[in-house]
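**Q** Could you have a look at this structure, given as structure tokens, before my questions?
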Amino acid sequence: MDSIRFTMSNNIDFSEIFNDSYDFVLRNEELFFSTFYEIFVSSSPQVKAAFKHTNMAKQNEMVRESFGFIICFFVTKIADEQLVKLAIDHKDKFHVDSELYAVFVNSVLAALEKIYPKYNNECAVAWRITMAPGIEFMKHIYDVE
Ligand code: HEM
């Protein structure tokens, strides 16, 4: 129980836990993105194959944009045409199976664990909660006719 951060009312404040760790990530962006990408690509042969023809500049762009999108979508829940197209492209153009989104999330957490000294299970849960809306959108928007 010692590791759980209680607020005055004994609640766990996942916004605070996320914000603290995200501040750290923003101060160590290059390290975080490169660690994530390395873990993500080596986590599954399917992911490796998907990025076979992607150059380094494009990889960096994808990782940066995807985090920007995930955080923004958590706050606004607004998807413009470009975002809907992005989700459709992942399915139809990049051939991303929906189960690879779990690999994506787990790779984010593994990267965070590697670089963030205060990483613990609540921190992992805070990131899962924050990433969930964007991940669900990407996985399911193309289910809708
Ligand atoms: C919420 C999760 C994700 C977000 C927000 C995201 C976002 C993006 C963005 C912004 C791009 C650039 C699009 C463009 O240039 O048109 C991209 C490209 C790509 N993404 Fe994702 N992505 C996510 C998850 C994944 C997953 C799980 C895979 C699995 C392999 C994946 C594979 C790819 C591939 C193969 C490309 C194309 C790279 C290229 O141009 O060669 N993405 N993604």
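Residue names in the structure tokens use chain letters A, B, ... in the order shown, residue numbers from 1 in each chain, and ligand numbers from 1 in the order shown.
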Within 8 Å of ligand 1 (counting only C-alpha atoms and all ligand atoms), which residues show up? I'd like them as a VMD selection string.
**A** chain A and resid 41 46 to 55 58 to 59 61 to 70 86 to 87 89 to 90 94 to 104 131 134 to 135 137 to 138
**Q** Extract, using only C-alpha atoms, all DNA, RNA and protein residues at most 10 Å from A:Arg128, discarding same-chain residues fewer than 2 positions from it, and format them as a list in words.
**A**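 Everything that qualifies: Phe18, Val105, Asn106, Val108, Leu109, Glu122, Cys123, Ala124, Val125, Ala126, Thr130, Met131, Ala132, Pro133 and Ile135 of chain A.
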**Q** Between A:Tyr119, A:Ile129, A:Lys85, A:Asp143, which has the minimum distance to A:Asp20 (counting only C-alpha atoms)?
**A**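 Residue with the minimum atom-to-atom distance to A:Asp20: A:Tyr119.
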**Q** Could you please determine the separation between atom CA of A:Lys139 and atom CA of A:Leu112 in Å, to one decimal place?
**A**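 For atom CA of A:Lys139 relative to atom CA of A:Leu112, the distance reads 22.7 Å.
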